[in-house]
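Undergrad: Contents of entry.cif (mmCIF, C-alpha atoms) are given next:
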```cif
data_data
#
loop_
_atom_site.label_atom_id
_atom_site.label_comp_id
_atom_site.auth_asym_id
_atom_site.auth_seq_id
_atom_site.Cartn_x
_atom_site.Cartn_y
_atom_site.Cartn_z
CA MET O 18 -5.90 67.45 -79.39
CA ALA O 19 -4.05 68.68 -76.30
CA LEU O 20 -2.20 66.16 -74.16
CA ILE O 21 -3.74 65.14 -70.86
CA LYS O 22 -2.31 67.24 -68.03
CA VAL O 23 -1.38 65.54 -64.77
CA HIS O 24 -0.91 67.89 -61.84
CA GLY O 25 0.99 65.88 -59.26
CA HIS O 26 4.20 64.97 -57.49
CA HIS O 27 6.46 61.93 -57.94
CA PHE O 28 6.49 61.26 -54.19
CA SER O 29 2.71 60.94 -54.09
CA THR O 30 1.34 57.39 -54.26
CA ALA O 31 -1.86 58.62 -55.86
CA THR O 32 0.11 60.43 -58.56
CA CYS O 33 2.20 57.29 -59.12
CA MET O 34 -0.97 55.23 -59.58
CA VAL O 35 -2.16 57.56 -62.34
CA LEU O 36 1.25 57.73 -64.06
CA CYS O 37 1.49 53.94 -64.07
CA CYS O 38 -1.95 53.73 -65.66
CA LEU O 39 -0.97 56.24 -68.36
CA ASN O 40 2.13 54.15 -69.09
CA GLU O 41 0.10 50.94 -69.27
CA LYS O 42 -2.28 52.63 -71.70
CA GLN O 43 0.62 54.09 -73.70
CA VAL O 44 -0.74 57.60 -73.36
CA GLU O 45 1.54 60.62 -73.59
CA TYR O 46 0.87 63.33 -71.02
CA ASP O 47 2.03 66.70 -69.73
CA PHE O 48 3.28 66.52 -66.16
CA VAL O 49 2.72 69.66 -64.08
CA LEU O 50 4.68 69.50 -60.84
CA VAL O 51 2.66 70.59 -57.80
CA ASP O 52 5.37 71.58 -55.36
CA LEU O 53 4.08 69.88 -52.21
CA PRO O 54 6.97 70.98 -49.93
CA THR O 55 6.06 74.67 -50.54
CA GLY O 56 2.34 73.99 -50.08
CA ALA O 57 1.40 74.62 -53.71
CA HIS O 58 -1.50 72.18 -53.31
CA LYS O 59 -3.15 74.43 -50.72
CA LYS O 60 -3.00 77.61 -52.80
CA PRO O 61 -6.11 79.09 -54.49
CA GLN O 62 -4.92 78.31 -58.01
CA TYR O 63 -4.71 74.60 -57.25
CA LEU O 64 -7.76 74.51 -54.98
CA ALA O 65 -9.80 75.80 -57.92
CA LEU O 66 -8.92 72.55 -59.69
CA ASN O 67 -9.21 70.29 -56.66
CA PRO O 68 -11.04 71.59 -53.59
CA PHE O 69 -9.56 68.82 -51.42
CA GLY O 70 -6.07 70.23 -52.01
CA VAL O 71 -4.44 66.89 -52.71
CA VAL O 72 -2.65 65.50 -55.74
CA PRO O 73 -3.16 64.41 -58.45
CA THR O 74 -5.67 66.26 -60.56
CA VAL O 75 -6.03 65.51 -64.24
CA GLN O 76 -7.23 67.84 -66.97
CA ASP O 77 -8.39 66.38 -70.25
CA GLU O 78 -9.77 69.12 -72.48
CA ASP O 79 -12.85 70.42 -70.57
CA LEU O 80 -12.81 67.70 -67.93
CA THR O 81 -11.08 68.28 -64.59
CA LEU O 82 -10.91 65.13 -62.47
CA PHE O 83 -9.51 64.27 -59.05
CA GLU O 84 -9.44 61.07 -56.94
CA SER O 85 -6.74 58.80 -58.34
CA ARG O 86 -8.96 55.70 -58.37
CA ALA O 87 -11.56 57.57 -60.43
CA ILE O 88 -8.87 58.89 -62.77
CA VAL O 89 -7.40 55.46 -63.55
CA LYS O 90 -10.89 54.12 -64.29
CA TYR O 91 -11.53 57.04 -66.63
CA LEU O 92 -8.24 56.45 -68.45
CA ALA O 93 -8.83 52.71 -68.72
CA LYS O 94 -12.26 53.36 -70.29
CA LYS O 95 -11.23 56.24 -72.53
CA PHE O 96 -8.27 54.36 -73.97
CA LYS O 97 -9.98 50.99 -74.32
CA GLY O 98 -8.28 49.14 -77.17
CA GLN O 99 -4.93 50.87 -76.58
CA GLY O 100 -2.14 49.45 -74.39
CA THR O 101 -3.04 47.07 -71.57
CA GLU O 102 -6.74 46.38 -71.03
CA LEU O 103 -7.34 47.00 -67.33
CA LEU O 104 -11.07 46.62 -66.74
CA GLY O 105 -11.99 43.04 -67.65
CA ASN O 106 -14.06 41.99 -70.65
CA THR O 107 -17.33 40.59 -69.37
CA LEU O 108 -19.66 42.19 -66.86
CA ALA O 109 -18.64 39.53 -64.31
CA GLU O 110 -14.92 40.21 -64.86
CA GLN O 111 -15.52 43.94 -64.54
CA ALA O 112 -17.43 43.34 -61.30
CA LEU O 113 -14.52 41.38 -59.83
CA VAL O 114 -12.04 44.08 -60.90
CA GLU O 115 -14.24 46.63 -59.15
CA GLN O 116 -14.55 44.40 -56.07
CA TRP O 117 -10.79 44.10 -55.61
CA CYS O 118 -10.31 47.80 -56.40
CA GLN O 119 -12.68 48.49 -53.51
CA VAL O 120 -10.78 46.07 -51.27
CA GLU O 121 -7.62 48.05 -52.05
CA GLY O 122 -9.27 51.39 -51.24
CA GLN O 123 -11.11 50.23 -48.12
CA SER O 124 -8.98 47.46 -46.57
CA PHE O 125 -5.43 47.63 -47.93
CA TYR O 126 -4.79 51.34 -48.29
CA PRO O 127 -5.88 52.50 -44.81
CA PRO O 128 -3.41 50.34 -42.83
CA ALA O 129 -0.66 50.63 -45.48
CA SER O 130 -0.82 54.43 -45.48
CA THR O 131 -0.96 54.59 -41.69
CA ILE O 132 2.21 52.48 -41.47
CA LEU O 133 4.01 54.82 -43.91
CA PHE O 134 2.91 57.91 -42.02
CA GLN O 135 3.92 56.46 -38.68
CA THR O 136 7.24 54.89 -39.63
CA VAL O 137 8.53 57.36 -42.24
CA LEU O 138 6.64 60.63 -42.64
CA PHE O 139 6.09 61.56 -38.98
CA PRO O 140 9.78 61.00 -38.08
CA LEU O 141 10.85 62.98 -41.18
CA ARG O 142 8.80 65.90 -39.87
CA GLY O 143 10.29 65.67 -36.41
CA GLY O 144 7.51 63.60 -34.86
CA THR O 145 7.75 60.18 -33.25
CA THR O 146 6.39 56.85 -34.36
CA ASP O 147 3.52 55.47 -32.28
CA GLU O 148 4.60 51.82 -32.20
CA ALA O 149 1.22 50.65 -30.88
CA VAL O 150 -0.52 52.18 -33.90
CA VAL O 151 2.02 50.54 -36.21
CA GLU O 152 1.37 47.15 -34.59
CA ILE O 153 -2.41 47.47 -34.91
CA ASN O 154 -2.09 48.34 -38.58
CA ILE O 155 0.38 45.57 -39.30
CA GLY O 156 -2.19 43.23 -37.77
CA LYS O 157 -4.88 44.63 -40.08
CA LEU O 158 -2.61 44.28 -43.09
CA ASN O 159 -1.71 40.71 -42.13
CA ARG O 160 -5.38 39.76 -42.11
CA VAL O 161 -5.92 41.36 -45.53
CA LEU O 162 -2.81 39.75 -47.00
CA ASP O 163 -3.88 36.33 -45.71
CA ILE O 164 -7.02 36.74 -47.81
CA TYR O 165 -4.91 37.82 -50.78
CA GLU O 166 -2.68 34.76 -50.33
CA GLU O 167 -5.70 32.48 -50.52
CA ARG O 168 -7.12 34.37 -53.51
CA LEU O 169 -3.79 34.40 -55.38
CA SER O 170 -3.41 30.67 -54.87
CA LYS O 171 -6.44 30.32 -57.18
CA SER O 172 -5.89 33.05 -59.77
CA LYS O 173 -2.75 34.74 -61.03
CA TYR O 174 -4.04 38.24 -60.33
CA LEU O 175 -6.62 39.58 -57.90
CA ALA O 176 -9.58 39.77 -60.26
CA GLY O 177 -8.70 36.68 -62.30
CA ASP O 178 -5.99 35.50 -64.65
CA PHE O 179 -5.49 38.96 -66.12
CA PHE O 180 -3.65 42.04 -64.83
CA SER O 181 -6.15 44.80 -64.06
CA LEU O 182 -6.71 48.06 -62.20
CA ALA O 183 -7.19 45.97 -59.06
CA ASP O 184 -3.52 44.96 -59.16
CA LEU O 185 -2.29 48.32 -60.45
CA GLN O 186 -3.91 50.18 -57.53
CA HIS O 187 -1.75 48.18 -55.12
CA LEU O 188 1.58 49.17 -56.68
CA PRO O 189 2.40 52.53 -55.03
CA TRP O 190 1.65 51.62 -51.42
CA THR O 191 3.21 48.18 -51.65
CA GLN O 192 6.33 49.80 -53.13
CA TYR O 193 6.63 52.09 -50.10
CA LEU O 194 5.85 49.27 -47.66
CA VAL O 195 8.72 47.25 -49.12
CA THR O 196 11.24 50.09 -49.55
CA ALA O 197 10.72 53.10 -47.27
CA CYS O 198 8.87 51.22 -44.47
CA LYS O 199 11.13 48.13 -44.62
CA LYS O 200 8.11 45.87 -44.21
CA GLY O 201 8.95 43.60 -47.12
CA ASP O 202 8.40 40.55 -44.90
CA LEU O 203 4.66 41.21 -45.12
CA ILE O 204 5.00 40.26 -48.78
CA SER O 205 7.93 37.82 -48.85
CA SER O 206 6.46 35.64 -46.08
CA ARG O 207 3.55 34.72 -48.36
CA LYS O 208 4.30 32.54 -51.36
CA HIS O 209 1.55 33.67 -53.71
CA VAL O 210 1.50 37.31 -52.65
CA SER O 211 5.25 37.33 -53.16
CA ALA O 212 5.04 35.90 -56.70
CA TRP O 213 2.26 38.38 -57.51
CA TRP O 214 4.31 41.33 -56.23
CA GLU O 215 7.38 40.13 -58.15
CA ASP O 216 5.26 39.97 -61.29
CA ILE O 217 3.35 43.26 -61.07
CA SER O 218 6.26 45.36 -59.77
CA SER O 219 8.45 44.29 -62.67
CA ARG O 220 6.07 45.59 -65.32
CA PRO O 221 7.86 48.28 -67.37
CA ALA O 222 4.96 50.71 -66.87
CA TRP O 223 5.52 50.56 -63.12
CA LYS O 224 9.33 50.44 -63.13
CA LYS O 225 9.43 53.78 -64.96
CA VAL O 226 7.32 55.31 -62.17
CA ALA O 227 9.03 53.57 -59.26
CA GLU O 228 12.51 54.75 -60.17
CA LYS O 229 11.48 58.34 -59.39
CA MET O 230 10.00 57.48 -55.99
CA PRO O 231 12.16 58.11 -52.92
CA LYS O 232 13.63 54.98 -51.35
CA MET K 4 -33.50 32.91 -64.10
CA ALA K 5 -33.01 32.82 -60.33
CA LEU K 6 -33.45 36.02 -58.38
CA ILE K 7 -30.34 37.82 -57.14
CA LYS K 8 -29.58 36.80 -53.56
CA VAL K 9 -28.55 39.47 -51.07
CA HIS K 10 -26.92 38.13 -47.92
CA GLY K 11 -27.12 40.99 -45.44
CA HIS K 12 -28.69 42.69 -42.48
CA HIS K 13 -31.05 45.67 -42.36
CA PHE K 14 -28.91 47.42 -39.74
CA SER K 15 -25.86 47.36 -42.01
CA THR K 16 -25.25 50.55 -43.98
CA ALA K 17 -23.52 48.60 -46.74
CA THR K 18 -26.53 46.27 -47.05
CA CYS K 19 -28.84 49.29 -47.13
CA MET K 20 -26.80 50.81 -49.97
CA VAL K 21 -27.27 47.66 -52.06
CA LEU K 22 -31.00 47.34 -51.26
CA CYS K 23 -31.58 50.96 -52.23
CA CYS K 24 -29.81 50.36 -55.54
CA LEU K 25 -31.95 47.27 -56.23
CA ASN K 26 -35.08 49.36 -55.53
CA GLU K 27 -33.89 52.17 -57.82
CA LYS K 28 -33.27 49.61 -60.57
CA GLN K 29 -36.65 47.91 -59.89
CA VAL K 30 -34.98 44.56 -59.43
CA GLU K 31 -36.63 41.84 -57.34
CA TYR K 32 -34.30 39.95 -55.04
CA ASP K 33 -34.12 37.26 -52.39
CA PHE K 34 -32.98 38.58 -49.04
CA VAL K 35 -30.98 36.16 -46.89
CA LEU K 36 -30.62 37.45 -43.35
CA VAL K 37 -27.08 37.11 -41.97
CA ASP K 38 -27.67 37.16 -38.25
CA LEU K 39 -24.94 39.56 -37.17
CA PRO K 40 -25.75 39.48 -33.42
CA THR K 41 -25.04 35.71 -33.33
CA GLY K 42 -21.87 36.12 -35.42
CA ALA K 43 -23.24 34.35 -38.51
CA HIS K 44 -20.92 36.50 -40.66
CA LYS K 45 -17.85 34.93 -39.03
CA LYS K 46 -18.90 31.32 -39.57
CA PRO K 47 -17.29 29.11 -42.25
CA GLN K 48 -20.43 28.93 -44.40
CA TYR K 49 -20.50 32.71 -44.78
CA LEU K 50 -16.71 33.15 -44.95
CA ALA K 51 -16.74 30.84 -47.99
CA LEU K 52 -18.82 33.52 -49.74
CA ASN K 53 -16.99 36.53 -48.33
CA PRO K 54 -13.56 36.01 -46.74
CA PHE K 55 -13.73 39.42 -45.05
CA GLY K 56 -16.70 38.28 -42.98
CA VAL K 57 -18.76 41.40 -43.51
CA VAL K 58 -22.14 42.02 -45.10
CA PRO K 59 -23.47 42.19 -47.74
CA THR K 60 -22.55 39.57 -50.29
CA VAL K 61 -24.55 39.18 -53.47
CA GLN K 62 -24.99 36.03 -55.54
CA ASP K 63 -26.17 36.35 -59.11
CA GLU K 64 -26.13 32.95 -60.80
CA ASP K 65 -22.41 31.97 -60.84
CA LEU K 66 -21.13 35.32 -59.63
CA THR K 67 -20.46 35.93 -55.95
CA LEU K 68 -19.65 39.55 -55.18
CA PHE K 69 -18.79 41.52 -52.06
CA GLU K 70 -17.89 45.18 -51.35
CA SER K 71 -21.11 47.19 -51.45
CA ARG K 72 -19.69 49.91 -53.72
CA ALA K 73 -18.66 47.27 -56.26
CA ILE K 74 -22.07 45.60 -56.01
CA VAL K 75 -24.04 48.78 -56.72
CA LYS K 76 -21.85 49.49 -59.75
CA TYR K 77 -22.45 45.96 -61.02
CA LEU K 78 -26.23 46.32 -60.58
CA ALA K 79 -26.28 49.74 -62.23
CA LYS K 80 -24.43 48.32 -65.25
CA LYS K 81 -26.30 45.02 -65.47
CA PHE K 82 -29.71 46.69 -65.33
CA LYS K 83 -28.91 49.63 -67.59
CA GLY K 84 -32.15 50.74 -69.24
CA GLN K 85 -34.27 49.59 -66.29
CA GLY K 86 -35.34 51.87 -63.41
CA THR K 87 -33.16 54.86 -62.55
CA GLU K 88 -29.96 55.31 -64.57
CA LEU K 89 -27.21 55.72 -61.98
CA LEU K 90 -23.93 55.89 -63.88
CA GLY K 91 -24.10 58.94 -66.18
CA ASN K 92 -24.37 58.84 -69.96
CA THR K 93 -21.14 60.23 -71.35
CA LEU K 94 -17.63 59.20 -70.42
CA ALA K 95 -17.17 62.57 -68.67
CA GLU K 96 -20.38 62.14 -66.66
CA GLN K 97 -19.34 58.63 -65.69
CA ALA K 98 -15.95 59.95 -64.59
CA LEU K 99 -17.58 62.53 -62.33
CA VAL K 100 -19.92 59.91 -60.86
CA GLU K 101 -16.86 57.78 -60.12
CA GLN K 102 -14.99 60.76 -58.66
CA TRP K 103 -17.75 61.57 -56.15
CA CYS K 104 -18.22 57.87 -55.37
CA GLN K 105 -14.54 57.82 -54.43
CA VAL K 106 -14.95 60.96 -52.33
CA GLU K 107 -17.75 59.18 -50.45
CA GLY K 108 -15.61 56.09 -49.86
CA GLN K 109 -12.41 57.91 -48.97
CA SER K 110 -13.43 61.20 -47.34
CA PHE K 111 -17.06 61.01 -46.19
CA TYR K 112 -17.41 57.42 -44.98
CA PRO K 113 -14.34 57.24 -42.68
CA PRO K 114 -15.34 60.11 -40.37
CA ALA K 115 -19.09 59.35 -40.61
CA SER K 116 -18.57 55.72 -39.60
CA THR K 117 -16.18 56.66 -36.81
CA ILE K 118 -18.78 59.05 -35.37
CA LEU K 119 -21.44 56.30 -35.43
CA PHE K 120 -19.12 53.79 -33.77
CA GLN K 121 -18.08 56.26 -31.09
CA THR K 122 -21.44 57.80 -30.28
CA VAL K 123 -23.77 54.82 -30.74
CA LEU K 124 -22.19 51.41 -31.20
CA PHE K 125 -19.47 51.52 -28.51
CA PRO K 126 -21.92 52.72 -25.82
CA LEU K 127 -24.44 50.03 -26.91
CA ARG K 128 -21.72 47.42 -26.29
CA GLY K 129 -20.88 48.82 -22.88
CA GLY K 130 -17.94 50.98 -23.99
CA THR K 131 -17.53 54.70 -23.66
CA THR K 132 -17.42 57.41 -26.29
CA ASP K 133 -14.04 59.04 -26.85
CA GLU K 134 -15.21 62.64 -27.22
CA ALA K 135 -11.86 63.80 -28.60
CA VAL K 136 -12.12 61.28 -31.45
CA VAL K 137 -15.69 62.42 -32.13
CA GLU K 138 -14.55 66.06 -32.32
CA ILE K 139 -11.69 65.29 -34.70
CA ASN K 140 -14.04 63.41 -37.00
CA ILE K 141 -16.73 66.08 -36.87
CA GLY K 142 -14.00 68.50 -37.95
CA LYS K 143 -13.10 66.22 -40.89
CA LEU K 144 -16.75 65.89 -41.88
CA ASN K 145 -17.24 69.66 -41.68
CA ARG K 146 -14.40 70.20 -44.12
CA VAL K 147 -15.85 67.63 -46.53
CA LEU K 148 -19.37 69.04 -46.24
CA ASP K 149 -18.09 72.57 -46.91
CA ILE K 150 -16.80 71.24 -50.24
CA TYR K 151 -20.17 69.55 -50.88
CA GLU K 152 -21.96 72.82 -50.10
CA GLU K 153 -19.91 74.64 -52.73
CA ARG K 154 -20.38 71.82 -55.25
CA LEU K 155 -24.14 71.57 -54.64
CA SER K 156 -24.52 75.32 -55.13
CA LYS K 157 -23.54 74.67 -58.75
CA SER K 158 -25.23 71.36 -59.56
CA LYS K 159 -28.33 69.69 -58.13
CA TYR K 160 -26.52 66.44 -57.35
CA LEU K 161 -22.88 65.62 -56.70
CA ALA K 162 -21.91 64.45 -60.17
CA GLY K 163 -24.15 66.90 -62.06
CA ASP K 164 -27.83 67.59 -62.53
CA PHE K 165 -28.76 63.92 -62.33
CA PHE K 166 -29.14 61.55 -59.36
CA SER K 167 -26.41 58.90 -59.47
CA LEU K 168 -24.54 56.28 -57.47
CA ALA K 169 -22.48 59.14 -56.02
CA ASP K 170 -25.56 60.43 -54.19
CA LEU K 171 -26.96 56.98 -53.45
CA GLN K 172 -23.75 55.91 -51.70
CA HIS K 173 -24.23 58.73 -49.18
CA LEU K 174 -27.71 57.68 -48.06
CA PRO K 175 -27.03 55.06 -45.36
CA TRP K 176 -24.37 56.89 -43.37
CA THR K 177 -26.09 60.26 -43.62
CA GLN K 178 -29.29 58.61 -42.40
CA TYR K 179 -27.49 57.34 -39.27
CA LEU K 180 -25.70 60.67 -38.74
CA VAL K 181 -29.06 62.45 -38.72
CA THR K 182 -31.03 59.85 -36.71
CA ALA K 183 -28.94 57.62 -34.42
CA CYS K 184 -26.00 60.04 -33.98
CA LYS K 185 -28.21 63.16 -33.67
CA LYS K 186 -25.78 65.14 -35.80
CA GLY K 187 -28.43 66.54 -38.15
CA ASP K 188 -26.95 70.02 -37.73
CA LEU K 189 -24.03 68.96 -39.94
CA ILE K 190 -26.60 68.82 -42.74
CA SER K 191 -29.22 71.42 -41.75
CA SER K 192 -26.60 74.16 -41.20
CA ARG K 193 -25.75 74.06 -44.91
CA LYS K 194 -28.37 75.34 -47.36
CA HIS K 195 -27.46 73.30 -50.41
CA VAL K 196 -26.42 70.13 -48.57
CA SER K 197 -29.71 70.34 -46.71
CA ALA K 198 -31.80 70.64 -49.89
CA TRP K 199 -29.84 67.77 -51.44
CA TRP K 200 -30.40 65.55 -48.40
CA GLU K 201 -34.11 66.42 -48.34
CA ASP K 202 -34.32 65.44 -52.00
CA ILE K 203 -32.34 62.20 -52.01
CA SER K 204 -33.65 60.87 -48.70
CA SER K 205 -37.25 61.26 -49.85
CA ARG K 206 -36.80 59.00 -52.86
CA PRO K 207 -39.19 56.03 -52.54
CA ALA K 208 -36.33 53.58 -53.19
CA TRP K 209 -34.54 54.88 -50.10
CA LYS K 210 -37.59 55.36 -47.86
CA LYS K 211 -38.43 51.66 -48.20
CA VAL K 212 -34.94 50.81 -46.93
CA ALA K 213 -34.72 53.50 -44.24
CA GLU K 214 -37.92 52.45 -42.49
CA LYS K 215 -36.28 49.15 -41.47
CA MET K 216 -33.15 50.83 -40.07
CA PRO K 217 -32.99 51.35 -36.30
CA LYS K 218 -33.51 54.94 -35.17
#
```
Translate this structure into structure tokens?
TA:
Amino acid sequence: MALIKVHGHHFSTATCMVLCCLNEKQVEYDFVLVDLPTGAHKKPQYLALNPFGVVPTVQDEDLTLFESRAIVKYLAKKFKGQGTELLGNTLAEQALVEQWCQVEGQSFYPPASTILFQTVLFPLRGGTTDEAVVEINIGKLNRVLDIYEERLSKSKYLAGDFFSLADLQHLPWTQYLVTACKKGDLISSRKHVSAWWEDISSRPAWKKVAEKMPK
Amino acid sequence: MALIKVHGHHFSTATCMVLCCLNEKQVEYDFVLVDLPTGAHKKPQYLALNPFGVVPTVQDEDLTLFESRAIVKYLAKKFKGQGTELLGNTLAEQALVEQWCQVEGQSFYPPASTILFQTVLFPLRGGTTDEAVVEINIGKLNRVLDIYEERLSKSKYLAGDFFSLADLQHLPWTQYLVTACKKGDLISSRKHVSAWWEDISSRPAWKKVAEKMPK
């Protein structure tokens, strides 16, 4: 059987999410670099795989799949019984994993990504940071992290006392918030969020991915 | 066994998504009105159920669950074998359902909701529409719908030739785009998107929900 192919880039948070999941599941893969700086993701060959022209895209035999959060769910299901279980055992556990995965996608990711774009990516491309936008999004993130703090005072991880996709999905953006964006105080100012971040970011599956991300 | 309780409001797209799913699965439920105009969703009693203070929240025996997209997945799994199957049969089908569910949450919903806020909700609350923001988001939605048009020229529904959560998740916001926002041309200008919308919006499970939404 052919290895799973991951078309992506090590700078991309969505790619990092998928690579971390593959590591957790102890799955070997072929990495195909999509050269973002030269616009390879907007060329016909790549758009035939992923019409949105973003990374990553995964190919597993006949299946071509995009959307990182869909890919990690697919991998967690396909490799059930191998590596770390990431979905929860009971229907109720699985529902809570899904709930906190949705919170990541809908409430955590939008402000976190806006902060990275404003404070790091725009300036890198010669633009200027809109400080008002940064402030608004730090406010949004503070409200979300206050809810996390409360939640993590009651369970070790977001969905319960087990590491799951819900935690894993937070790794790439939190990494950038802490390193590139220098917003580590969002995490360190909260006791339980801080302990959670310390725990999940020191997992070997993540450390292998994080060391290739730009600081 | 007690009926599932849905705390929500008929004006809320996220509530409508969950109600439609319950109808598709032929599940009876108790509806608990959360009186949004009086701020019931921000009061301690409700915040104890859902710390984000948004609707809906579902209670099923001991399980309290928020995030509409997590709730519909839970219902589709719990009531497998009853009513419409919404998740796909094979692992590959399920992955494609998940992929297009993620596209809805990440690429369709953000511009669709922004257009509704700008063109309907802000003016209702005495604010003014920012036409530039509307234009930007119509542009985003056009790009997404062009991809849907191509996809729906090859399969009857988003994830394949079967109706699934991926289609269901699009119902509430598309309904408002067509009715309240008067942006029906986004749909009707595209042959396959138009046929898809005609099909999914005429499902009895959705029509029962849509008739209680404001026009």
Undergrad: Evaluate the PyMOL selection byres ((chain O and resi 145-153) around 9) here and jot the selected residues down as a compact mmCIF listing (two decimals) with C-alpha atoms, keeping the file's coordinate frame.
TA:
```
# COMPACT_ATOMS: atom_id res chain seq x y z
CA PRO O 128 -3.41 50.34 -42.83
CA THR O 131 -0.96 54.59 -41.69
CA ILE O 132 2.21 52.48 -41.47
CA PHE O 134 2.91 57.91 -42.02
CA GLN O 135 3.92 56.46 -38.68
CA THR O 136 7.24 54.89 -39.63
CA VAL O 137 8.53 57.36 -42.24
CA PHE O 139 6.09 61.56 -38.98
CA PRO O 140 9.78 61.00 -38.08
CA LEU O 141 10.85 62.98 -41.18
CA ARG O 142 8.80 65.90 -39.87
CA GLY O 143 10.29 65.67 -36.41
CA GLY O 144 7.51 63.60 -34.86
CA ASN O 154 -2.09 48.34 -38.58
CA ILE O 155 0.38 45.57 -39.30
CA GLY O 156 -2.19 43.23 -37.77
CA LYS O 157 -4.88 44.63 -40.08
CA LEU O 158 -2.61 44.28 -43.09
```
Undergrad: Name the residues that the PyMOL selection byres ((chain O and resi 179-192) around 8) picks from the file above, as a PyMOL selection string, using the file's chain letters and numbers.
TA: chain O and resi 30-31+33-34+37-38+86+89-90+102-105+114-115+117-118+121+126+129-130+173-178+193-196+217-218+223+227
Undergrad: Could you write out as a count of residues only the residues that the PyMOL selection byres ((chain O) within 8 of (chain K)) matches in the shown file?
TA: 24
Undergrad: Write out as a ChimeraX atom specification the residues lying within 12 Å of Ser191 (chain K), counting all atoms listed in the file and excluding same-chain residues fewer than 6 positions away.
TA: /K:148,152,177,180-181,185,197-201
Undergrad: Between CA of Asn26 (chain K) and CA of Ala208 (chain K), what distance in Å does the model show, to one decimal?
TA: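 One can read the CA of Asn26 (chain K) to CA of Ala208 (chain K) distance as 5.0 Å.
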Undergrad: Take CA of Gly98 (chain O) and CA of His24 (chain O) and report the distance between them in Å, one decimal.
TA: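 The value is 25.3 Å.
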Undergrad: Only all heavy atoms needed: put region 140-144 of chain K from the block into a file as a short mmCIF file (atom, residue, chain, number, x, y, z; two decimals), in the first residue's frame.
TA:
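The result, stored in part36.cif:
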```
data_model
loop_
_atom_site.label_atom_id
_atom_site.label_comp_id
_atom_site.auth_asym_id
_atom_site.auth_seq_id
_atom_site.Cartn_x
_atom_site.Cartn_y
_atom_site.Cartn_z
N ASN K 140 -17.33 40.80 1.02
CA ASN K 140 -17.85 39.48 1.41
C ASN K 140 -18.68 38.82 0.30
O ASN K 140 -18.71 37.59 0.20
CB ASN K 140 -18.62 39.58 2.72
CG ASN K 140 -17.63 39.66 3.88
OD1 ASN K 140 -17.09 38.64 4.29
ND2 ASN K 140 -17.35 40.87 4.36
N ILE K 141 -19.31 39.63 -0.55
CA ILE K 141 -19.97 39.06 -1.72
C ILE K 141 -18.90 38.47 -2.65
O ILE K 141 -19.07 37.40 -3.22
CB ILE K 141 -20.87 40.10 -2.42
CG1 ILE K 141 -22.13 40.27 -1.57
CG2 ILE K 141 -21.22 39.69 -3.85
CD1 ILE K 141 -23.14 41.24 -2.11
N GLY K 142 -17.78 39.16 -2.77
CA GLY K 142 -16.67 38.64 -3.57
C GLY K 142 -16.18 37.30 -3.04
O GLY K 142 -15.97 36.35 -3.79
N LYS K 143 -16.02 37.21 -1.70
CA LYS K 143 -15.58 35.94 -1.09
C LYS K 143 -16.59 34.83 -1.36
O LYS K 143 -16.22 33.70 -1.67
CB LYS K 143 -15.43 36.12 0.43
CG LYS K 143 -14.23 36.94 0.85
CD LYS K 143 -14.12 37.01 2.38
CE LYS K 143 -12.95 37.89 2.79
NZ LYS K 143 -12.85 38.04 4.26
N LEU K 144 -17.86 35.17 -1.20
CA LEU K 144 -18.92 34.17 -1.41
C LEU K 144 -18.98 33.74 -2.87
O LEU K 144 -19.20 32.55 -3.16
CB LEU K 144 -20.25 34.77 -0.96
CG LEU K 144 -21.28 33.83 -0.35
CD1 LEU K 144 -20.69 32.86 0.66
CD2 LEU K 144 -22.38 34.65 0.32
#
```
